[in-house]
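What follows is upload05.pdb (PDB, C-alpha atoms).
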ATOM      1  CA  ASP F   1      -0.728  10.400  16.929
ATOM      2  CA  ALA F   2       1.091  12.058  14.022
ATOM      3  CA  GLY F   3       0.984   8.940  11.903
ATOM      4  CA  VAL F   4       3.856   7.597   9.848
ATOM      5  CA  ILE F   5       6.242  10.399   8.960
ATOM      6  CA  GLN F   6       8.444  10.304   5.894
ATOM      7  CA  SER F   7      11.109  12.721   4.745
ATOM      8  CA  PRO F   8      11.841  14.313   2.434
ATOM      9  CA  ARG F   9       8.535  14.643   0.567
ATOM     10  CA  HIS F  10      10.319  15.276  -2.687
ATOM     11  CA  GLU F  11      13.848  14.451  -3.752
ATOM     12  CA  VAL F  12      15.440  15.335  -7.055
ATOM     13  CA  THR F  13      18.917  14.046  -7.674
ATOM     14  CA  GLU F  14      21.290  13.260 -10.482
ATOM     15  CA  MET F  15      22.126   9.792 -11.625
ATOM     16  CA  GLY F  16      24.955   8.289  -9.598
ATOM     17  CA  GLN F  17      24.188  10.211  -6.419
ATOM     18  CA  GLU F  18      23.318   8.591  -3.119
ATOM     19  CA  VAL F  19      19.754   9.004  -1.911
ATOM     20  CA  THR F  20      18.525   8.405   1.632
ATOM     21  CA  LEU F  21      14.830   8.234   2.476
ATOM     22  CA  ARG F  22      13.689   8.390   6.072
ATOM     23  CA  CYS F  23      10.720   7.037   7.982
ATOM     24  CA  LYS F  24       9.363   7.341  11.507
ATOM     25  CA  PRO F  25       6.703   4.694  12.199
ATOM     26  CA  ILE F  26       3.791   5.015  14.567
ATOM     27  CA  SER F  27       4.881   4.510  18.139
ATOM     28  CA  GLY F  28       4.151   1.008  19.348
ATOM     29  CA  HIS F  29       4.009  -0.543  15.891
ATOM     30  CA  ASP F  30       6.434  -3.424  15.617
ATOM     31  CA  TYR F  31       6.303  -3.920  11.846
ATOM     32  CA  LEU F  32       7.686  -1.555   9.222
ATOM     33  CA  PHE F  33       7.358  -1.910   5.478
ATOM     34  CA  TRP F  34       8.932  -0.099   2.532
ATOM     35  CA  TYR F  35       6.900  -0.005  -0.690
ATOM     36  CA  ARG F  36       7.627   1.545  -4.068
ATOM     37  CA  GLN F  37       4.869   2.831  -6.341
ATOM     38  CA  THR F  38       5.144   3.397 -10.085
ATOM     39  CA  MET F  39       2.567   3.626 -12.830
ATOM     40  CA  MET F  40       4.014   0.605 -14.575
ATOM     41  CA  ARG F  41       4.439  -1.746 -11.630
ATOM     42  CA  GLY F  42       1.995  -0.442  -9.065
ATOM     43  CA  LEU F  43       2.842  -0.929  -5.386
ATOM     44  CA  GLU F  44       5.770  -3.240  -4.767
ATOM     45  CA  LEU F  45       6.904  -4.426  -1.353
ATOM     46  CA  LEU F  46      10.638  -3.902  -1.070
ATOM     47  CA  ILE F  47      11.486  -4.984   2.477
ATOM     48  CA  TYR F  48       9.899  -5.306   5.894
ATOM     49  CA  PHE F  49      11.157  -5.295   9.468
ATOM     50  CA  ASN F  50       9.827  -6.858  12.654
ATOM     51  CA  ASN F  51      11.099  -5.413  15.925
ATOM     52  CA  ASN F  52      13.831  -3.583  13.978
ATOM     53  CA  VAL F  53      15.103  -6.796  12.342
ATOM     54  CA  PRO F  54      14.910  -7.181   8.543
ATOM     55  CA  ILE F  55      12.759 -10.208   7.827
ATOM     56  CA  ASP F  56      12.330 -10.316   4.084
ATOM     57  CA  ASP F  57      14.247  -8.205   1.574
ATOM     58  CA  SER F  58      13.380 -10.295  -1.463
ATOM     59  CA  GLY F  59      11.637  -7.324  -3.029
ATOM     60  CA  MET F  60      14.713  -5.129  -3.020
ATOM     61  CA  PRO F  61      15.494  -4.742  -6.702
ATOM     62  CA  GLU F  62      19.280  -4.616  -6.606
ATOM     63  CA  ASP F  63      22.277  -4.383  -4.339
ATOM     64  CA  ARG F  64      22.140  -0.644  -4.866
ATOM     65  CA  PHE F  65      19.208  -0.630  -2.440
ATOM     66  CA  SER F  66      19.690  -1.065   1.283
ATOM     67  CA  ALA F  67      17.493  -0.477   4.318
ATOM     68  CA  LYS F  68      18.170  -0.168   8.004
ATOM     69  CA  MET F  69      16.161   0.189  11.174
ATOM     70  CA  PRO F  70      18.548   1.157  13.964
ATOM     71  CA  ASN F  71      15.728   1.574  16.496
ATOM     72  CA  ALA F  72      11.970   1.274  16.820
ATOM     73  CA  SER F  73      11.329   4.850  15.770
ATOM     74  CA  PHE F  74      13.486   5.253  12.677
ATOM     75  CA  SER F  75      14.229   3.533   9.387
ATOM     76  CA  THR F  76      16.130   4.493   6.263
ATOM     77  CA  LEU F  77      16.082   3.312   2.681
ATOM     78  CA  LYS F  78      19.233   4.110   0.772
ATOM     79  CA  ILE F  79      19.934   3.946  -2.940
ATOM     80  CA  GLN F  80      23.579   4.138  -3.991
ATOM     81  CA  PRO F  81      24.201   4.880  -6.788
ATOM     82  CA  SER F  82      20.819   6.088  -7.977
ATOM     83  CA  GLU F  83      19.578   5.569 -11.539
ATOM     84  CA  PRO F  84      16.732   7.180 -13.520
ATOM     85  CA  ARG F  85      14.705   3.952 -13.334
ATOM     86  CA  ASP F  86      14.615   4.347  -9.553
ATOM     87  CA  SER F  87      12.280   7.314 -10.001
ATOM     88  CA  ALA F  88       9.103   6.472  -8.094
ATOM     89  CA  VAL F  89       7.157   7.263  -4.963
ATOM     90  CA  TYR F  90       8.518   5.389  -1.967
ATOM     91  CA  PHE F  91       6.160   4.651   0.897
ATOM     92  CA  CYS F  92       6.837   3.552   4.416
ATOM     93  CA  ALA F  93       4.070   1.790   6.338
ATOM     94  CA  SER F  94       3.834   0.438   9.851
ATOM     95  CA  GLY F  95       1.545  -1.983  11.616
ATOM     96  CA  GLN F  96       1.013  -3.839  14.843
ATOM     97  CA  GLY F  97       1.881  -7.491  15.104
ATOM     98  CA  MET F  98      -1.673  -8.717  15.030
ATOM     99  CA  TYR F  99      -3.056 -10.829  12.276
ATOM    100  CA  ASN F 100      -5.539  -8.912  10.119
ATOM    101  CA  SER F 101      -4.442  -5.519  11.372
ATOM    102  CA  PRO F 102      -4.316  -2.696   8.793
ATOM    103  CA  LEU F 103      -1.213  -0.941   7.560
ATOM    104  CA  HIS F 104      -0.683   2.758   8.200
ATOM    105  CA  PHE F 105       1.102   4.557   5.387
ATOM    106  CA  GLY F 106       3.155   7.711   5.320
ATOM    107  CA  ASN F 107       2.624  10.266   2.577
ATOM    108  CA  GLY F 108       5.604   9.016   0.631
ATOM    109  CA  THR F 109       8.763  10.431  -0.872
ATOM    110  CA  ARG F 110       8.607  11.279  -4.567
ATOM    111  CA  LEU F 111      12.060  10.529  -5.964
ATOM    112  CA  THR F 112      13.167  11.846  -9.326
ATOM    113  CA  VAL F 113      16.547  10.775 -10.665
ATOM    114  CA  THR F 114      17.716  12.724 -13.696
TER     115      THR F 114
ATOM    116  CA  SER U   1       2.964 -13.811  -6.747
ATOM    117  CA  GLN U   2      -0.731 -13.279  -6.275
ATOM    118  CA  GLN U   3      -2.040  -9.835  -6.999
ATOM    119  CA  GLY U   4      -5.425  -8.231  -7.044
ATOM    120  CA  GLU U   5      -6.566  -6.573 -10.203
ATOM    121  CA  GLU U   6      -9.178  -3.881  -9.977
ATOM    122  CA  ASP U   7     -11.851  -3.237 -12.533
ATOM    123  CA  PRO U   8     -12.511  -0.751 -13.975
ATOM    124  CA  GLN U   9      -9.182   1.050 -14.145
ATOM    125  CA  ALA U  10     -11.009   4.372 -14.091
ATOM    126  CA  LEU U  11     -14.546   5.402 -13.177
ATOM    127  CA  SER U  12     -16.207   8.781 -13.583
ATOM    128  CA  ILE U  13     -19.563   9.508 -11.942
ATOM    129  CA  GLN U  14     -21.697  12.370 -10.645
ATOM    130  CA  GLU U  15     -22.169  13.224  -6.997
ATOM    131  CA  GLY U  16     -24.961  11.207  -5.468
ATOM    132  CA  GLU U  17     -24.438   8.202  -7.721
ATOM    133  CA  ASN U  18     -23.114   4.883  -6.493
ATOM    134  CA  ALA U  19     -19.640   3.681  -7.429
ATOM    135  CA  THR U  20     -18.764   0.006  -7.730
ATOM    136  CA  MET U  21     -15.240  -1.291  -8.034
ATOM    137  CA  ASN U  22     -14.236  -4.895  -8.440
ATOM    138  CA  CYS U  23     -11.149  -6.811  -7.454
ATOM    139  CA  SER U  24     -10.031 -10.221  -8.626
ATOM    140  CA  TYR U  25      -7.212 -12.223  -7.116
ATOM    141  CA  LYS U  26      -5.440 -15.419  -7.935
ATOM    142  CA  THR U  27      -4.950 -17.651  -4.915
ATOM    143  CA  SER U  28      -6.646 -18.450  -1.637
ATOM    144  CA  ILE U  29      -6.669 -15.708   0.941
ATOM    145  CA  ASN U  30      -7.259 -15.267   4.642
ATOM    146  CA  ASN U  31      -8.575 -11.745   4.257
ATOM    147  CA  LEU U  32      -8.927  -8.920   1.773
ATOM    148  CA  GLN U  33      -8.540  -5.231   2.511
ATOM    149  CA  TRP U  34      -9.525  -2.073   0.646
ATOM    150  CA  TYR U  35      -7.478   1.112   0.765
ATOM    151  CA  ARG U  36      -7.997   4.619  -0.592
ATOM    152  CA  GLN U  37      -5.257   6.870  -1.910
ATOM    153  CA  ASN U  38      -5.810  10.557  -2.450
ATOM    154  CA  SER U  39      -3.550  12.288  -4.955
ATOM    155  CA  GLY U  40      -0.097  12.850  -3.515
ATOM    156  CA  ARG U  41      -0.872  11.018  -0.291
ATOM    157  CA  GLY U  42      -0.339   7.632   1.249
ATOM    158  CA  LEU U  43      -2.852   4.812   1.322
ATOM    159  CA  VAL U  44      -5.541   4.822   3.969
ATOM    160  CA  HIS U  45      -7.181   1.643   5.201
ATOM    161  CA  LEU U  46     -10.939   1.498   4.598
ATOM    162  CA  ILE U  47     -12.206  -1.946   5.450
ATOM    163  CA  LEU U  48     -11.144  -5.561   5.919
ATOM    164  CA  ILE U  49     -13.207  -8.616   5.107
ATOM    165  CA  ARG U  50     -12.249 -12.096   6.220
ATOM    166  CA  SER U  51     -12.445 -15.119   3.980
ATOM    167  CA  ASN U  52     -15.383 -16.528   5.955
ATOM    168  CA  GLU U  53     -17.398 -13.316   5.535
ATOM    169  CA  ARG U  54     -19.524 -12.533   2.508
ATOM    170  CA  GLU U  55     -20.450  -8.925   3.113
ATOM    171  CA  LYS U  56     -19.376  -6.077   5.332
ATOM    172  CA  HIS U  57     -20.560  -2.504   5.790
ATOM    173  CA  SER U  58     -18.871   0.621   7.061
ATOM    174  CA  GLY U  59     -20.784   3.855   6.693
ATOM    175  CA  ARG U  60     -21.361   4.396   2.956
ATOM    176  CA  LEU U  61     -19.058   1.505   2.080
ATOM    177  CA  ARG U  62     -20.222  -1.992   1.315
ATOM    178  CA  VAL U  63     -17.762  -4.760   0.547
ATOM    179  CA  THR U  64     -18.616  -8.213  -0.734
ATOM    180  CA  LEU U  65     -16.379 -11.217  -1.079
ATOM    181  CA  ASP U  66     -16.912 -14.286  -3.230
ATOM    182  CA  THR U  67     -14.115 -16.730  -2.511
ATOM    183  CA  SER U  68     -15.417 -19.221  -5.075
ATOM    184  CA  LYS U  69     -14.895 -16.627  -7.797
ATOM    185  CA  LYS U  70     -11.863 -15.095  -6.088
ATOM    186  CA  SER U  71     -13.388 -11.655  -6.348
ATOM    187  CA  SER U  72     -14.483  -8.754  -4.187
ATOM    188  CA  SER U  73     -16.407  -5.594  -4.814
ATOM    189  CA  LEU U  74     -16.412  -2.218  -3.110
ATOM    190  CA  LEU U  75     -19.578  -0.155  -3.323
ATOM    191  CA  ILE U  76     -19.601   3.497  -2.338
ATOM    192  CA  THR U  77     -23.146   4.764  -2.011
ATOM    193  CA  ALA U  78     -24.251   8.375  -2.489
ATOM    194  CA  SER U  79     -20.804   9.406  -3.644
ATOM    195  CA  ARG U  80     -19.323  12.812  -2.899
ATOM    196  CA  ALA U  81     -16.641  14.864  -4.618
ATOM    197  CA  ALA U  82     -14.416  14.080  -1.622
ATOM    198  CA  ASP U  83     -14.535  10.395  -2.577
ATOM    199  CA  THR U  84     -12.380  11.195  -5.627
ATOM    200  CA  ALA U  85      -9.313   9.013  -5.153
ATOM    201  CA  SER U  86      -7.728   5.752  -6.213
ATOM    202  CA  TYR U  87      -8.981   2.600  -4.545
ATOM    203  CA  PHE U  88      -6.875  -0.509  -4.058
ATOM    204  CA  CYS U  89      -7.629  -3.988  -2.892
ATOM    205  CA  ALA U  90      -4.949  -5.869  -0.988
ATOM    206  CA  THR U  91      -4.756  -9.554  -0.354
ATOM    207  CA  ASP U  92      -2.641 -11.348   2.191
ATOM    208  CA  ALA U  93       0.058 -13.467   0.628
ATOM    209  CA  GLY U  94      -0.109 -15.814   3.572
ATOM    210  CA  VAL U  95       0.820 -15.248   7.184
ATOM    211  CA  MET U  96       4.475 -14.537   7.475
ATOM    212  CA  ASN U  97       6.456 -16.619   9.894
ATOM    213  CA  THR U  98       6.356 -13.724  12.314
ATOM    214  CA  GLY U  99       2.543 -13.702  12.372
ATOM    215  CA  PHE U 100       1.821 -10.645  10.225
ATOM    216  CA  GLN U 101       0.191 -10.762   6.865
ATOM    217  CA  LYS U 102       2.208  -9.734   3.836
ATOM    218  CA  LEU U 103      -0.061  -7.531   1.756
ATOM    219  CA  VAL U 104       0.015  -7.559  -2.019
ATOM    220  CA  PHE U 105      -1.786  -4.650  -3.639
ATOM    221  CA  GLY U 106      -3.805  -4.540  -6.815
ATOM    222  CA  THR U 107      -3.459  -2.082  -9.642
ATOM    223  CA  GLY U 108      -6.161   0.297  -8.398
ATOM    224  CA  THR U 109      -9.304   2.015  -9.682
ATOM    225  CA  ARG U 110      -9.202   5.774 -10.193
ATOM    226  CA  LEU U 111     -12.552   7.232  -9.154
ATOM    227  CA  LEU U 112     -13.590  10.729 -10.185
ATOM    228  CA  VAL U 113     -16.737  12.138  -8.613
ATOM    229  CA  SER U 114     -17.927  15.333 -10.252
ATOM    230  CA  PRO U 115     -20.062  17.872  -8.392
TER     231      PRO U 115
END
Structure translated into structure tokens:
Amino acid sequence: DAGVIQSPRHEVTEMGQEVTLRCKPISGHDYLFWYRQTMMRGLELLIYFNNNVPIDDSGMPEDRFSAKMPNASFSTLKIQPSEPRDSAVYFCASGQGMYNSPLHFGNGTRLTVT
Amino acid sequence: SQQGEEDPQALSIQEGENATMNCSYKTSINNLQWYRQNSGRGLVHLILIRSNEREKHSGRLRVTLDTSKKSSSLLITASRAADTASYFCATDAGVMNTGFQKLVFGTGTRLLVSP
């Protein structure tokens, strides 16, 4: 298995531009999570999906952030418009719907907004 | 929301020495997990310990859990340069209504193992 795949690995954009981050979870995993990691705030859970349905988006910082999961093998996290404070590493993770099962993380997208 | 806090924030040791990292959390848990993160990579699951367990081993890893003190420790024995990474504890913020635990991560310990 290739694991969780995220793209792009690095994204540099100017303030005000739209940014789209992509994630392919591990096949067969029915949960997908988006996390954001910064030095100041550590790892924050933004949103998670179960069977492609958004369950909890209470961690999404603002309406500028949106996430979709059109099918079991693909999810996107979009920021529009982007701001410098959105600069962070964004991780996607997937897991199986069993209690106590571990999360599998992608290698993240490092976003820099100038 | 509950969050684990690791101690120390950074640890520097020589190869062959043991490394101990501690994690404290705030509220009751069902389980606690430890993850490793190499520079520029995603987190990798190391070990899970349930609230009714006190100690667990996996290779050179030993995890203890003291629910009365709301703390856990991760011991890496006979450390290697390849163990250089950040280590995070993660606690479940309760079972979500869909049956999956919602993990809240601590602040991490940066471990440097020098050859």
Problem set entry | Residue hits in chain F, query chain U, radius 12 Å, all atoms listed in the file, as number ranges by chain | F: 3-6, 9-10, 29-51, 53-56, 59, 89-110
Exercise. Quick one: residues within 12 Å of Asp63 of chain F, all atoms listed in the file counted, chain neighbours fewer than 3 positions away excluded, as a list in words?
Worked result: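 The residues satisfying every condition are Asp57, Ser58, Gly59, Met60, Ser66, Ala67, Lys78, Ile79, Gln80, Pro81 and Ser82 of chain F.
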For this session: Take the PyMOL selection byres ((chain U and resi 55-71) around 12), apply it to the structure above, and return the hits as a ChimeraX atom specification.
Result: /U:2-7,16-36,45-54,72-80,83,89-91,106
Write the residues you've just listed into a file as a compact mmCIF listing (two decimals), in the coordinates of the input, and include C-alpha atoms for each of them.
# COMPACT_ATOMS: atom_id res chain seq x y z
CA GLN U 2 -0.73 -13.28 -6.28
CA GLN U 3 -2.04 -9.84 -7.00
CA GLY U 4 -5.42 -8.23 -7.04
CA GLU U 5 -6.57 -6.57 -10.20
CA GLU U 6 -9.18 -3.88 -9.98
CA ASP U 7 -11.85 -3.24 -12.53
CA GLY U 16 -24.96 11.21 -5.47
CA GLU U 17 -24.44 8.20 -7.72
CA ASN U 18 -23.11 4.88 -6.49
CA ALA U 19 -19.64 3.68 -7.43
CA THR U 20 -18.76 0.01 -7.73
CA MET U 21 -15.24 -1.29 -8.03
CA ASN U 22 -14.24 -4.89 -8.44
CA CYS U 23 -11.15 -6.81 -7.45
CA SER U 24 -10.03 -10.22 -8.63
CA TYR U 25 -7.21 -12.22 -7.12
CA LYS U 26 -5.44 -15.42 -7.94
CA THR U 27 -4.95 -17.65 -4.92
CA SER U 28 -6.65 -18.45 -1.64
CA ILE U 29 -6.67 -15.71 0.94
CA ASN U 30 -7.26 -15.27 4.64
CA ASN U 31 -8.57 -11.74 4.26
CA LEU U 32 -8.93 -8.92 1.77
CA GLN U 33 -8.54 -5.23 2.51
CA TRP U 34 -9.52 -2.07 0.65
CA TYR U 35 -7.48 1.11 0.76
CA ARG U 36 -8.00 4.62 -0.59
CA HIS U 45 -7.18 1.64 5.20
CA LEU U 46 -10.94 1.50 4.60
CA ILE U 47 -12.21 -1.95 5.45
CA LEU U 48 -11.14 -5.56 5.92
CA ILE U 49 -13.21 -8.62 5.11
CA ARG U 50 -12.25 -12.10 6.22
CA SER U 51 -12.44 -15.12 3.98
CA ASN U 52 -15.38 -16.53 5.96
CA GLU U 53 -17.40 -13.32 5.54
CA ARG U 54 -19.52 -12.53 2.51
CA SER U 72 -14.48 -8.75 -4.19
CA SER U 73 -16.41 -5.59 -4.81
CA LEU U 74 -16.41 -2.22 -3.11
CA LEU U 75 -19.58 -0.16 -3.32
CA ILE U 76 -19.60 3.50 -2.34
CA THR U 77 -23.15 4.76 -2.01
CA ALA U 78 -24.25 8.38 -2.49
CA SER U 79 -20.80 9.41 -3.64
CA ARG U 80 -19.32 12.81 -2.90
CA ASP U 83 -14.54 10.40 -2.58
CA CYS U 89 -7.63 -3.99 -2.89
CA ALA U 90 -4.95 -5.87 -0.99
CA THR U 91 -4.76 -9.55 -0.35
CA GLY U 106 -3.80 -4.54 -6.82
Protein and nucleic acid residues near (8.4, 5.7, 15.0) (cut-off 8 Å, all atoms listed in the file) as a CSV table (one decimal) with C-alpha atoms, keeping the file's coordinate frame:
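Final output, saved to point-v3.csv:
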chain,number,residue,atom,x,y,z
F,4,VAL,CA,3.9,7.6,9.8
F,5,ILE,CA,6.2,10.4,9.0
F,23,CYS,CA,10.7,7.0,8.0
F,24,LYS,CA,9.4,7.3,11.5
F,25,PRO,CA,6.7,4.7,12.2
F,26,ILE,CA,3.8,5.0,14.6
F,27,SER,CA,4.9,4.5,18.1
F,28,GLY,CA,4.2,1.0,19.3
F,29,HIS,CA,4.0,-0.5,15.9
F,72,ALA,CA,12.0,1.3,16.8
F,73,SER,CA,11.3,4.8,15.8
F,74,PHE,CA,13.5,5.3,12.7
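Atom to atom, atom CA of Glu14 of chain F and atom CA of Met69 of chain F stand 25.8 Å apart.
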Some atoms are missing, so please complete segment 30-41 of chain F with all heavy atoms and return it as a CSV table (one decimal), in the frame of the given file.
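For reference, rebuild.csv as written:
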chain,number,residue,atom,x,y,z
F,30,ASP,N,5.2,-2.6,15.6
F,30,ASP,CA,6.4,-3.4,15.6
F,30,ASP,C,6.8,-3.9,14.2
F,30,ASP,O,7.8,-4.7,14.1
F,30,ASP,CB,6.3,-4.6,16.6
F,30,ASP,CG,5.1,-5.4,16.4
F,30,ASP,OD1,4.2,-5.0,15.6
F,30,ASP,OD2,4.9,-6.4,17.1
F,31,TYR,N,6.0,-3.5,13.2
F,31,TYR,CA,6.3,-3.9,11.8
F,31,TYR,C,6.5,-2.7,11.0
F,31,TYR,O,5.7,-1.7,11.1
F,31,TYR,CB,5.2,-4.8,11.2
F,31,TYR,CG,5.2,-6.2,11.7
F,31,TYR,CD1,4.6,-6.6,12.9
F,31,TYR,CD2,5.8,-7.2,11.0
F,31,TYR,CE1,4.6,-7.9,13.4
F,31,TYR,CE2,5.9,-8.5,11.4
F,31,TYR,CZ,5.2,-8.8,12.6
F,31,TYR,OH,5.2,-10.1,13.0
F,32,LEU,N,7.5,-2.7,10.1
F,32,LEU,CA,7.7,-1.6,9.2
F,32,LEU,C,8.0,-2.1,7.8
F,32,LEU,O,8.7,-3.0,7.6
F,32,LEU,CB,8.9,-0.7,9.7
F,32,LEU,CG,9.1,0.6,8.9
F,32,LEU,CD1,9.5,1.7,9.8
F,32,LEU,CD2,10.2,0.4,7.8
F,33,PHE,N,7.3,-1.5,6.9
F,33,PHE,CA,7.4,-1.9,5.5
F,33,PHE,C,7.8,-0.7,4.6
F,33,PHE,O,7.4,0.4,4.8
F,33,PHE,CB,6.0,-2.4,5.0
F,33,PHE,CG,5.4,-3.5,5.8
F,33,PHE,CD1,4.8,-3.3,7.0
F,33,PHE,CD2,5.4,-4.8,5.3
F,33,PHE,CE1,4.2,-4.3,7.7
F,33,PHE,CE2,4.8,-5.8,6.0
F,33,PHE,CZ,4.2,-5.6,7.2
F,34,TRP,N,8.6,-1.1,3.6
F,34,TRP,CA,8.9,-0.1,2.5
F,34,TRP,C,8.3,-0.6,1.2
F,34,TRP,O,8.6,-1.7,0.8
F,34,TRP,CB,10.4,0.1,2.4
F,34,TRP,CG,11.1,0.9,3.4
F,34,TRP,CD1,11.8,0.5,4.5
F,34,TRP,CD2,11.2,2.3,3.4
F,34,TRP,NE1,12.3,1.6,5.2
F,34,TRP,CE2,11.9,2.7,4.6
F,34,TRP,CE3,10.7,3.3,2.6
F,34,TRP,CZ2,12.2,4.0,4.9
F,34,TRP,CZ3,11.0,4.7,2.9
F,34,TRP,CH2,11.7,5.0,4.0
F,35,TYR,N,7.5,0.3,0.6
F,35,TYR,CA,6.9,0.0,-0.7
F,35,TYR,C,7.4,1.0,-1.7
F,35,TYR,O,7.7,2.1,-1.4
F,35,TYR,CB,5.4,0.1,-0.6
F,35,TYR,CG,4.7,-1.1,0.0
F,35,TYR,CD1,4.5,-1.1,1.4
F,35,TYR,CD2,4.1,-2.1,-0.7
F,35,TYR,CE1,3.8,-2.2,2.0
F,35,TYR,CE2,3.5,-3.2,-0.2
F,35,TYR,CZ,3.3,-3.2,1.2
F,35,TYR,OH,2.6,-4.3,1.8
F,36,ARG,N,7.3,0.6,-3.0
F,36,ARG,CA,7.6,1.5,-4.1
F,36,ARG,C,6.4,1.5,-5.0
F,36,ARG,O,5.9,0.5,-5.3
F,36,ARG,CB,8.9,1.1,-4.8
F,36,ARG,CG,9.2,1.9,-6.0
F,36,ARG,CD,10.6,1.6,-6.6
F,36,ARG,NE,10.6,0.3,-7.2
F,36,ARG,CZ,11.7,-0.2,-7.8
F,36,ARG,NH1,12.8,0.5,-7.9
F,36,ARG,NH2,11.6,-1.4,-8.4
F,37,GLN,N,6.0,2.7,-5.5
F,37,GLN,CA,4.9,2.8,-6.3
F,37,GLN,C,5.3,3.5,-7.7
F,37,GLN,O,5.8,4.6,-7.6
F,37,GLN,CB,3.7,3.6,-5.7
F,37,GLN,CG,2.4,3.6,-6.5
F,37,GLN,CD,1.3,4.4,-5.8
F,37,GLN,OE1,1.5,5.4,-5.1
F,37,GLN,NE2,0.1,3.9,-5.9
F,38,THR,N,5.0,2.8,-8.8
F,38,THR,CA,5.1,3.4,-10.1
F,38,THR,C,3.9,3.1,-10.9
F,38,THR,O,3.1,2.2,-10.6
F,38,THR,CB,6.4,2.8,-10.8
F,38,THR,OG1,6.2,1.4,-11.0
F,38,THR,CG2,7.7,3.0,-10.0
F,39,MET,N,3.7,3.9,-12.0
F,39,MET,CA,2.6,3.6,-12.8
F,39,MET,C,2.7,2.2,-13.5
F,39,MET,O,1.6,1.6,-13.6
F,39,MET,CB,2.5,4.7,-13.9
F,39,MET,CG,2.1,6.1,-13.4
F,39,MET,SD,0.4,6.1,-12.8
F,39,MET,CE,-0.5,5.8,-14.3
F,40,MET,N,3.9,1.9,-13.8
F,40,MET,CA,4.0,0.6,-14.6
F,40,MET,C,3.9,-0.6,-13.7
F,40,MET,O,3.3,-1.6,-14.1
F,40,MET,CB,5.4,0.6,-15.2
F,40,MET,CG,5.6,1.5,-16.4
F,40,MET,SD,4.4,1.2,-17.7
F,40,MET,CE,5.1,-0.4,-18.3
F,41,ARG,N,4.4,-0.6,-12.5
F,41,ARG,CA,4.4,-1.7,-11.6
F,41,ARG,C,3.5,-1.7,-10.4
F,41,ARG,O,3.5,-2.7,-9.6
F,41,ARG,CB,5.9,-2.0,-11.2
F,41,ARG,CG,6.8,-2.2,-12.4
F,41,ARG,CD,8.3,-2.2,-11.9
F,41,ARG,NE,8.6,-3.4,-11.2
F,41,ARG,CZ,9.0,-4.6,-11.7
F,41,ARG,NH1,9.2,-4.6,-13.0
F,41,ARG,NH2,9.2,-5.6,-11.0
